[in-house]
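Here's run-v1.cif, which has mmCIF, N, CA and C atoms and all ligand atoms:
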```cif
data_upload
#
loop_
_atom_site.group_PDB
_atom_site.id
_atom_site.type_symbol
_atom_site.label_atom_id
_atom_site.label_comp_id
_atom_site.auth_asym_id
_atom_site.auth_seq_id
_atom_site.Cartn_x
_atom_site.Cartn_y
_atom_site.Cartn_z
ATOM 1 N N MET B 11 4.231 27.171 -7.772
ATOM 2 C CA MET B 11 4.542 25.783 -8.090
ATOM 3 C C MET B 11 4.047 24.863 -6.969
ATOM 4 N N SER B 12 3.228 23.859 -7.326
ATOM 5 C CA SER B 12 2.701 22.966 -6.288
ATOM 6 C C SER B 12 3.640 21.782 -6.074
ATOM 7 N N LYS B 13 3.733 21.363 -4.803
ATOM 8 C CA LYS B 13 4.589 20.220 -4.468
ATOM 9 C C LYS B 13 3.774 18.949 -4.518
ATOM 10 N N ARG B 14 4.317 17.903 -5.123
ATOM 11 C CA ARG B 14 3.635 16.612 -5.122
ATOM 12 C C ARG B 14 4.156 15.820 -3.937
ATOM 13 N N LEU B 15 3.255 15.451 -3.026
ATOM 14 C CA LEU B 15 3.672 14.700 -1.847
ATOM 15 C C LEU B 15 4.005 13.258 -2.216
ATOM 16 N N CYS B 16 3.243 12.694 -3.144
ATOM 17 C CA CYS B 16 3.388 11.297 -3.491
ATOM 18 C C CYS B 16 3.299 11.132 -4.998
ATOM 19 N N GLY B 17 4.307 10.527 -5.602
ATOM 20 C CA GLY B 17 4.272 10.249 -7.022
ATOM 21 C C GLY B 17 3.540 8.948 -7.284
ATOM 22 N N GLU B 18 3.256 8.693 -8.555
ATOM 23 C CA GLU B 18 2.558 7.458 -8.930
ATOM 24 C C GLU B 18 3.378 6.228 -8.536
ATOM 25 N N ARG B 19 4.694 6.330 -8.679
ATOM 26 C CA ARG B 19 5.542 5.180 -8.346
ATOM 27 C C ARG B 19 5.469 4.859 -6.851
ATOM 28 N N GLU B 20 5.492 5.909 -6.007
ATOM 29 C CA GLU B 20 5.436 5.677 -4.565
ATOM 30 C C GLU B 20 4.104 5.028 -4.175
ATOM 31 N N ILE B 21 3.024 5.498 -4.781
ATOM 32 C CA ILE B 21 1.706 4.913 -4.496
ATOM 33 C C ILE B 21 1.685 3.459 -4.948
ATOM 34 N N GLY B 22 2.270 3.207 -6.138
ATOM 35 C CA GLY B 22 2.328 1.839 -6.647
ATOM 36 C C GLY B 22 3.116 0.929 -5.723
ATOM 37 N N VAL B 23 4.247 1.424 -5.247
ATOM 38 C CA VAL B 23 5.086 0.617 -4.354
ATOM 39 C C VAL B 23 4.346 0.357 -3.036
ATOM 40 N N ALA B 24 3.632 1.366 -2.530
ATOM 41 C CA ALA B 24 2.876 1.193 -1.277
ATOM 42 C C ALA B 24 1.790 0.134 -1.458
ATOM 43 N N ILE B 25 1.085 0.202 -2.594
ATOM 44 C CA ILE B 25 0.041 -0.797 -2.874
ATOM 45 C C ILE B 25 0.666 -2.182 -2.970
ATOM 46 N N LEU B 26 1.805 -2.258 -3.643
ATOM 47 C CA LEU B 26 2.488 -3.550 -3.788
ATOM 48 C C LEU B 26 2.889 -4.108 -2.431
ATOM 49 N N LEU B 27 3.390 -3.247 -1.543
ATOM 50 C CA LEU B 27 3.799 -3.723 -0.219
ATOM 51 C C LEU B 27 2.610 -4.285 0.555
ATOM 52 N N VAL B 28 1.477 -3.578 0.503
ATOM 53 C CA VAL B 28 0.279 -4.056 1.207
ATOM 54 C C VAL B 28 -0.164 -5.389 0.623
ATOM 55 N N LEU B 29 -0.197 -5.469 -0.721
ATOM 56 C CA LEU B 29 -0.621 -6.710 -1.373
ATOM 57 C C LEU B 29 0.369 -7.841 -1.071
ATOM 58 N N SER B 30 1.661 -7.510 -1.023
ATOM 59 C CA SER B 30 2.668 -8.530 -0.710
ATOM 60 C C SER B 30 2.446 -9.076 0.694
ATOM 61 N N PHE B 31 2.133 -8.183 1.629
ATOM 62 C CA PHE B 31 1.879 -8.598 3.003
ATOM 63 C C PHE B 31 0.676 -9.541 3.058
ATOM 64 N N LEU B 32 -0.399 -9.162 2.348
ATOM 65 C CA LEU B 32 -1.592 -10.014 2.315
ATOM 66 C C LEU B 32 -1.260 -11.363 1.678
ATOM 67 N N LEU B 33 -0.446 -11.334 0.624
ATOM 68 C CA LEU B 33 -0.071 -12.574 -0.050
ATOM 69 C C LEU B 33 0.701 -13.485 0.896
ATOM 70 N N LEU B 34 1.595 -12.914 1.691
ATOM 71 C CA LEU B 34 2.370 -13.728 2.627
ATOM 72 C C LEU B 34 1.461 -14.367 3.667
ATOM 73 N N ILE B 35 0.437 -13.637 4.114
ATOM 74 C CA ILE B 35 -0.512 -14.213 5.074
ATOM 75 C C ILE B 35 -1.239 -15.394 4.432
ATOM 76 N N VAL B 36 -1.705 -15.188 3.190
ATOM 77 C CA VAL B 36 -2.394 -16.276 2.480
ATOM 78 C C VAL B 36 -1.460 -17.463 2.322
ATOM 79 N N ALA B 37 -0.209 -17.198 1.878
ATOM 80 C CA ALA B 37 0.760 -18.270 1.650
ATOM 81 C C ALA B 37 1.030 -19.039 2.946
ATOM 82 N N LYS B 38 1.090 -18.303 4.058
ATOM 83 C CA LYS B 38 1.353 -18.939 5.347
ATOM 84 C C LYS B 38 0.272 -19.977 5.665
ATOM 85 N N TYR B 39 -0.994 -19.597 5.444
ATOM 86 C CA TYR B 39 -2.073 -20.527 5.769
ATOM 87 C C TYR B 39 -2.139 -21.669 4.769
ATOM 88 N N VAL B 40 -1.766 -21.395 3.527
ATOM 89 C CA VAL B 40 -1.723 -22.478 2.532
ATOM 90 C C VAL B 40 -0.669 -23.485 2.947
ATOM 91 N N ILE B 41 0.494 -22.995 3.385
ATOM 92 C CA ILE B 41 1.592 -23.883 3.762
ATOM 93 C C ILE B 41 1.246 -24.658 5.028
ATOM 94 N N ILE B 42 0.689 -23.971 6.029
ATOM 95 C CA ILE B 42 0.342 -24.640 7.279
ATOM 96 C C ILE B 42 -0.758 -25.671 7.051
ATOM 97 N N GLY B 43 -1.641 -25.379 6.130
ATOM 98 C CA GLY B 43 -2.779 -26.270 5.891
ATOM 99 C C GLY B 43 -2.419 -27.540 5.144
ATOM 100 N N GLU B 44 -1.198 -27.678 4.708
ATOM 101 C CA GLU B 44 -0.825 -28.863 3.944
ATOM 102 C C GLU B 44 0.512 -29.387 4.427
ATOM 103 N N LYS B 45 0.556 -30.673 4.798
ATOM 104 C CA LYS B 45 1.825 -31.261 5.229
ATOM 105 C C LYS B 45 2.698 -31.528 4.007
ATOM 106 N N PRO B 46 4.029 -31.342 4.119
ATOM 107 C CA PRO B 46 4.919 -31.535 2.973
ATOM 108 C C PRO B 46 4.863 -32.943 2.396
ATOM 109 N N THR B 47 4.502 -33.951 3.227
ATOM 110 C CA THR B 47 4.497 -35.336 2.748
ATOM 111 C C THR B 47 3.214 -35.688 1.996
ATOM 112 N N GLU B 48 2.178 -34.840 2.114
ATOM 113 C CA GLU B 48 0.914 -35.137 1.434
ATOM 114 C C GLU B 48 1.093 -35.055 -0.071
ATOM 115 N N LYS B 49 0.513 -36.036 -0.775
ATOM 116 C CA LYS B 49 0.575 -35.998 -2.229
ATOM 117 C C LYS B 49 -0.514 -35.079 -2.742
ATOM 118 N N ARG B 50 -0.156 -34.207 -3.691
ATOM 119 C CA ARG B 50 -1.134 -33.295 -4.255
ATOM 120 C C ARG B 50 -1.711 -33.892 -5.525
ATOM 121 N N SER B 51 -2.955 -33.573 -5.765
ATOM 122 C CA SER B 51 -3.587 -34.029 -7.000
ATOM 123 C C SER B 51 -2.900 -33.366 -8.185
ATOM 124 N N SER B 52 -2.760 -34.127 -9.264
ATOM 125 C CA SER B 52 -2.122 -33.550 -10.443
ATOM 126 C C SER B 52 -3.121 -32.741 -11.271
ATOM 127 N N ALA B 53 -4.410 -32.739 -10.859
ATOM 128 C CA ALA B 53 -5.416 -31.978 -11.602
ATOM 129 C C ALA B 53 -5.073 -30.493 -11.558
ATOM 130 N N LYS B 54 -5.323 -29.810 -12.661
ATOM 131 C CA LYS B 54 -5.036 -28.377 -12.705
ATOM 132 C C LYS B 54 -5.996 -27.633 -11.787
ATOM 133 N N LYS B 55 -5.464 -26.696 -11.054
ATOM 134 C CA LYS B 55 -6.279 -25.961 -10.082
ATOM 135 C C LYS B 55 -6.182 -24.474 -10.331
ATOM 136 N N LEU B 56 -7.180 -23.760 -9.848
ATOM 137 C CA LEU B 56 -7.087 -22.300 -9.862
ATOM 138 C C LEU B 56 -6.073 -21.884 -8.807
ATOM 139 N N PRO B 57 -5.440 -20.719 -8.946
ATOM 140 C CA PRO B 57 -4.423 -20.306 -7.966
ATOM 141 C C PRO B 57 -5.016 -20.031 -6.587
ATOM 142 N N GLN B 58 -4.208 -20.266 -5.567
ATOM 143 C CA GLN B 58 -4.625 -19.961 -4.200
ATOM 144 C C GLN B 58 -4.121 -18.591 -3.773
ATOM 145 N N ALA B 59 -3.238 -18.014 -4.550
ATOM 146 C CA ALA B 59 -2.744 -16.663 -4.268
ATOM 147 C C ALA B 59 -2.365 -16.008 -5.590
ATOM 148 N N ILE B 60 -2.531 -14.707 -5.647
ATOM 149 C CA ILE B 60 -2.226 -13.959 -6.866
ATOM 150 C C ILE B 60 -1.347 -12.769 -6.488
ATOM 151 N N ILE B 61 -0.280 -12.546 -7.253
ATOM 152 C CA ILE B 61 0.561 -11.367 -7.045
ATOM 153 C C ILE B 61 0.089 -10.277 -7.999
ATOM 154 N N ILE B 62 -0.258 -9.138 -7.445
ATOM 155 C CA ILE B 62 -0.694 -7.997 -8.251
ATOM 156 C C ILE B 62 0.282 -6.855 -7.999
ATOM 157 N N GLY B 63 0.745 -6.218 -9.054
ATOM 158 C CA GLY B 63 1.667 -5.111 -8.825
ATOM 159 C C GLY B 63 1.825 -4.235 -10.046
ATOM 160 N N VAL B 64 2.319 -3.036 -9.814
ATOM 161 C CA VAL B 64 2.573 -2.107 -10.923
ATOM 162 C C VAL B 64 3.827 -2.556 -11.661
ATOM 163 N N LYS B 65 3.978 -2.057 -12.888
ATOM 164 C CA LYS B 65 5.196 -2.337 -13.652
ATOM 165 C C LYS B 65 6.394 -1.841 -12.861
ATOM 166 N N LYS B 66 7.444 -2.630 -12.847
ATOM 167 C CA LYS B 66 8.690 -2.280 -12.145
ATOM 168 C C LYS B 66 8.478 -2.161 -10.641
ATOM 169 N N GLY B 67 7.447 -2.829 -10.134
ATOM 170 C CA GLY B 67 7.179 -2.781 -8.696
ATOM 171 C C GLY B 67 7.891 -3.886 -7.932
ATOM 172 N N GLY B 68 8.589 -4.771 -8.628
ATOM 173 C CA GLY B 68 9.328 -5.840 -7.953
ATOM 174 C C GLY B 68 8.536 -7.122 -7.797
ATOM 175 N N THR B 69 7.484 -7.295 -8.596
ATOM 176 C CA THR B 69 6.667 -8.503 -8.483
ATOM 177 C C THR B 69 7.461 -9.754 -8.872
ATOM 178 N N ARG B 70 8.338 -9.638 -9.835
ATOM 179 C CA ARG B 70 9.142 -10.789 -10.258
ATOM 180 C C ARG B 70 10.023 -11.262 -9.099
ATOM 181 N N ALA B 71 10.631 -10.321 -8.401
ATOM 182 C CA ALA B 71 11.494 -10.685 -7.265
ATOM 183 C C ALA B 71 10.674 -11.390 -6.184
ATOM 184 N N LEU B 72 9.466 -10.852 -5.905
ATOM 185 C CA LEU B 72 8.603 -11.469 -4.891
ATOM 186 C C LEU B 72 8.260 -12.897 -5.291
ATOM 187 N N LEU B 73 7.904 -13.096 -6.569
ATOM 188 C CA LEU B 73 7.568 -14.436 -7.064
ATOM 189 C C LEU B 73 8.759 -15.380 -6.908
ATOM 190 N N GLU B 74 9.949 -14.898 -7.254
ATOM 191 C CA GLU B 74 11.135 -15.764 -7.165
ATOM 192 C C GLU B 74 11.438 -16.142 -5.714
ATOM 193 N N PHE B 75 11.215 -15.211 -4.790
ATOM 194 C CA PHE B 75 11.427 -15.537 -3.366
ATOM 195 C C PHE B 75 10.439 -16.616 -2.919
ATOM 196 N N LEU B 76 9.151 -16.435 -3.269
ATOM 197 C CA LEU B 76 8.128 -17.399 -2.853
ATOM 198 C C LEU B 76 8.365 -18.766 -3.490
ATOM 199 N N ARG B 77 8.863 -18.746 -4.728
ATOM 200 C CA ARG B 77 9.077 -19.984 -5.474
ATOM 201 C C ARG B 77 10.123 -20.893 -4.806
ATOM 202 N N GLN B 78 10.945 -20.336 -3.930
ATOM 203 C CA GLN B 78 11.974 -21.128 -3.246
ATOM 204 C C GLN B 78 11.348 -22.181 -2.339
ATOM 205 N N HIS B 79 10.093 -21.934 -1.895
ATOM 206 C CA HIS B 79 9.460 -22.881 -0.977
ATOM 207 C C HIS B 79 8.947 -24.098 -1.751
ATOM 208 N N PRO B 80 9.222 -25.320 -1.232
ATOM 209 C CA PRO B 80 8.817 -26.527 -1.970
ATOM 210 C C PRO B 80 7.306 -26.685 -2.119
ATOM 211 N N ASN B 81 6.517 -26.058 -1.261
ATOM 212 C CA ASN B 81 5.061 -26.208 -1.352
ATOM 213 C C ASN B 81 4.413 -25.162 -2.256
ATOM 214 N N ILE B 82 5.214 -24.296 -2.827
ATOM 215 C CA ILE B 82 4.650 -23.251 -3.689
ATOM 216 C C ILE B 82 4.997 -23.541 -5.138
ATOM 217 N N LYS B 83 3.962 -23.659 -5.949
ATOM 218 C CA LYS B 83 4.150 -23.847 -7.394
ATOM 219 C C LYS B 83 3.717 -22.563 -8.079
ATOM 220 N N ALA B 84 4.516 -22.119 -9.032
ATOM 221 C CA ALA B 84 4.198 -20.870 -9.725
ATOM 222 C C ALA B 84 4.421 -21.041 -11.219
ATOM 223 N N PRO B 85 3.641 -20.315 -12.016
ATOM 224 C CA PRO B 85 3.851 -20.395 -13.456
ATOM 225 C C PRO B 85 5.163 -19.720 -13.832
ATOM 226 N N GLY B 86 5.732 -20.095 -14.962
ATOM 227 C CA GLY B 86 6.975 -19.483 -15.427
ATOM 228 C C GLY B 86 6.761 -18.032 -15.825
ATOM 229 N N PRO B 87 6.124 -17.809 -16.968
ATOM 230 C CA PRO B 87 5.903 -16.415 -17.380
ATOM 231 C C PRO B 87 4.717 -15.806 -16.625
ATOM 232 N N GLU B 88 4.615 -14.489 -16.650
ATOM 233 C CA GLU B 88 3.458 -13.833 -16.029
ATOM 234 C C GLU B 88 2.204 -14.225 -16.795
ATOM 235 N N VAL B 89 1.138 -14.536 -16.064
ATOM 236 C CA VAL B 89 -0.064 -15.111 -16.672
ATOM 237 C C VAL B 89 -0.948 -14.051 -17.347
ATOM 238 N N HIS B 90 -1.035 -12.856 -16.757
ATOM 239 C CA HIS B 90 -1.846 -11.758 -17.323
ATOM 240 C C HIS B 90 -3.270 -12.207 -17.631
ATOM 241 N N PHE B 91 -3.877 -12.971 -16.726
ATOM 242 C CA PHE B 91 -5.234 -13.458 -16.977
ATOM 243 C C PHE B 91 -6.254 -12.328 -16.956
ATOM 244 N N PHE B 92 -6.179 -11.481 -15.935
ATOM 245 C CA PHE B 92 -7.238 -10.481 -15.751
ATOM 246 C C PHE B 92 -7.141 -9.306 -16.712
ATOM 247 N N ASP B 93 -5.933 -9.007 -17.221
ATOM 248 C CA ASP B 93 -5.816 -7.851 -18.109
ATOM 249 C C ASP B 93 -5.717 -8.208 -19.587
ATOM 250 N N LYS B 94 -5.203 -9.401 -19.903
ATOM 251 C CA LYS B 94 -5.017 -9.700 -21.326
ATOM 252 C C LYS B 94 -5.700 -10.986 -21.784
ATOM 253 N N ASN B 95 -5.801 -11.973 -20.902
ATOM 254 C CA ASN B 95 -6.261 -13.296 -21.346
ATOM 255 C C ASN B 95 -7.597 -13.715 -20.747
ATOM 256 N N TYR B 96 -8.338 -12.765 -20.182
ATOM 257 C CA TYR B 96 -9.593 -13.090 -19.492
ATOM 258 C C TYR B 96 -10.580 -13.770 -20.434
ATOM 259 N N HIS B 97 -10.571 -13.346 -21.708
ATOM 260 C CA HIS B 97 -11.519 -13.904 -22.678
ATOM 261 C C HIS B 97 -11.277 -15.393 -22.944
ATOM 262 N N LEU B 98 -10.123 -15.900 -22.550
ATOM 263 C CA LEU B 98 -9.819 -17.308 -22.778
ATOM 264 C C LEU B 98 -10.483 -18.224 -21.744
ATOM 265 N N GLY B 99 -10.991 -17.638 -20.670
ATOM 266 C CA GLY B 99 -11.799 -18.395 -19.710
ATOM 267 C C GLY B 99 -11.007 -19.125 -18.639
ATOM 268 N N LEU B 100 -11.763 -19.666 -17.661
ATOM 269 C CA LEU B 100 -11.153 -20.299 -16.488
ATOM 270 C C LEU B 100 -10.423 -21.595 -16.829
ATOM 271 N N GLU B 101 -10.900 -22.306 -17.835
ATOM 272 C CA GLU B 101 -10.214 -23.560 -18.193
ATOM 273 C C GLU B 101 -8.787 -23.278 -18.657
ATOM 274 N N TRP B 102 -8.616 -22.172 -19.388
ATOM 275 C CA TRP B 102 -7.269 -21.769 -19.809
ATOM 276 C C TRP B 102 -6.434 -21.354 -18.602
ATOM 277 N N TYR B 103 -7.088 -20.707 -17.632
ATOM 278 C CA TYR B 103 -6.401 -20.142 -16.467
ATOM 279 C C TYR B 103 -5.850 -21.231 -15.547
ATOM 280 N N ARG B 104 -6.516 -22.398 -15.494
ATOM 281 C CA ARG B 104 -6.098 -23.468 -14.571
ATOM 282 C C ARG B 104 -4.709 -23.990 -14.896
HETATM 283 N N1 LIG W 1 13.963 -5.394 -3.359
HETATM 284 C C1 LIG W 1 14.085 -4.544 -4.389
HETATM 285 N N2 LIG W 1 14.480 -3.278 -4.174
HETATM 286 C C2 LIG W 1 14.596 -2.424 -5.210
HETATM 287 N N3 LIG W 1 14.336 -2.733 -6.487
HETATM 288 C C3 LIG W 1 13.946 -3.983 -6.727
HETATM 289 C C4 LIG W 1 13.791 -4.951 -5.714
HETATM 290 N N4 LIG W 1 13.378 -6.110 -6.284
HETATM 291 C C5 LIG W 1 13.278 -5.860 -7.599
HETATM 292 N N5 LIG W 1 13.634 -4.589 -7.865
HETATM 293 C C6 LIG W 1 13.669 -3.941 -9.171
HETATM 294 O O1 LIG W 1 12.344 -3.929 -9.696
HETATM 295 C C7 LIG W 1 12.419 -3.950 -11.111
HETATM 296 C C8 LIG W 1 11.614 -5.131 -11.637
HETATM 297 O O2 LIG W 1 10.255 -5.014 -11.239
HETATM 298 P P1 LIG W 1 9.177 -6.035 -11.844
HETATM 299 O O3 LIG W 1 9.592 -7.432 -11.600
HETATM 300 O O4 LIG W 1 7.834 -5.636 -11.320
HETATM 301 O O5 LIG W 1 9.327 -5.738 -13.384
HETATM 302 S S1 LIG W 1 8.292 -5.881 -14.525
HETATM 303 O O6 LIG W 1 7.547 -4.621 -14.622
HETATM 304 O O7 LIG W 1 7.399 -7.036 -14.281
HETATM 305 O O8 LIG W 1 9.122 -6.088 -15.704
HETATM 306 C C9 LIG W 1 13.880 -4.100 -11.476
HETATM 307 O O9 LIG W 1 14.348 -2.824 -11.757
HETATM 308 P P2 LIG W 1 15.208 -2.497 -13.070
HETATM 309 O O10 LIG W 1 16.489 -3.254 -12.880
HETATM 310 O O11 LIG W 1 15.391 -1.018 -13.039
HETATM 311 O O12 LIG W 1 14.420 -2.981 -14.245
HETATM 312 C C10 LIG W 1 14.481 -4.678 -10.210
HETATM 313 O O13 LIG W 1 15.845 -4.405 -10.128
#
```

Would you write out, as structure tokens, the structure that this file holds?
Ligand SMILES: Nc1ncnc2c1ncn2[C@@H]1O[C@H](COP(=O)(O)OS(=O)(=O)O)[C@@H](OP(=O)(O)O)[C@H]1O
Amino acid sequence: MSKRLCGEREIGVAILLVLSFLLLIVAKYVIIGEKPTEKRSSAKKLPQAIIIGVKKGGTRALLEFLRQHPNIKAPGPEVHFFDKNYHLGLEWYR
């Protein structure tokens, strides 16, 4: 009987942690680069950060934590642009 050192879930969680760390670095520079008093354009923009994660990897919790910051705007439902809605194009994605 062979022992599995790492299951798919553990690998998924590890990938999520690395991606979360990278996302926090990106978010930090986005926040530092913009003063809270600056008015933002109301034009629709492409995202400055993307959360990628496996199912049940805790991506919703990460999004809710980030959403607490006043300079971070996030969509309500998961966007699923790259896996389900890519054919709708960038104008839909904005
Ligand atoms: N910090 C932390 N520690 C441990 N577990 C956590 C944490 N944050 C979220 N969760 C659990 O992750 C599950 C939700 O993950 P996702 O948001 O990725 O779910 S989904 O796949 O998009 O539906 C969900 O698990 P279930 O309750 O079993 O569904 C959450 O309870």

**Asked** Exactly which residues make up the result of the PyMOL selection byres (((not hetatm) and name CA) within 7 of (chain W and resi 1)) on this file, given as number ranges by chain?
**Response** B: 63-71

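Between atom CA of B:Leu32 and atom N of B:Leu72 the separation is 13.8 Å.
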
**Request:** Give me the result of the PyMOL selection byres (((chain B and resi 90-102 and name CA) around 12) and not hetatm and name CA) on this file, residue by residue, as a ChimeraX atom specification.
**Result:** /B:53-57,60-63,85-89,103-104

**Asked** Which residue out of B:Ile82, B:Leu33, B:Arg77, B:Ile21 has the minimum interatomic distance to B:Ala59 when only N, CA and C atoms are used?
**Response**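 Residue with the minimum atom-to-atom distance to B:Ala59: B:Leu33.
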
What are the centre and the three edge lengths of an axis-aligned box that wraps all atoms of stretch 82-97 of chain B in the file, given that 3 Å is added to every side, written as AutoDock Vina command-line options and rounded to one decimal in Å?
```
--center_x -2.3 --center_y -16.1 --center_z -12.9 --size_x 24.5 --size_y 22.4 --size_z 26.1
```

**Asked** Could you state the separation of atom CA of B:Leu34 and atom CA of B:Glu18 in Å, given to one decimal place?
**Response**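 Interatomic distance, atom CA of B:Leu34 to atom CA of B:Glu18: 24.1 Å.
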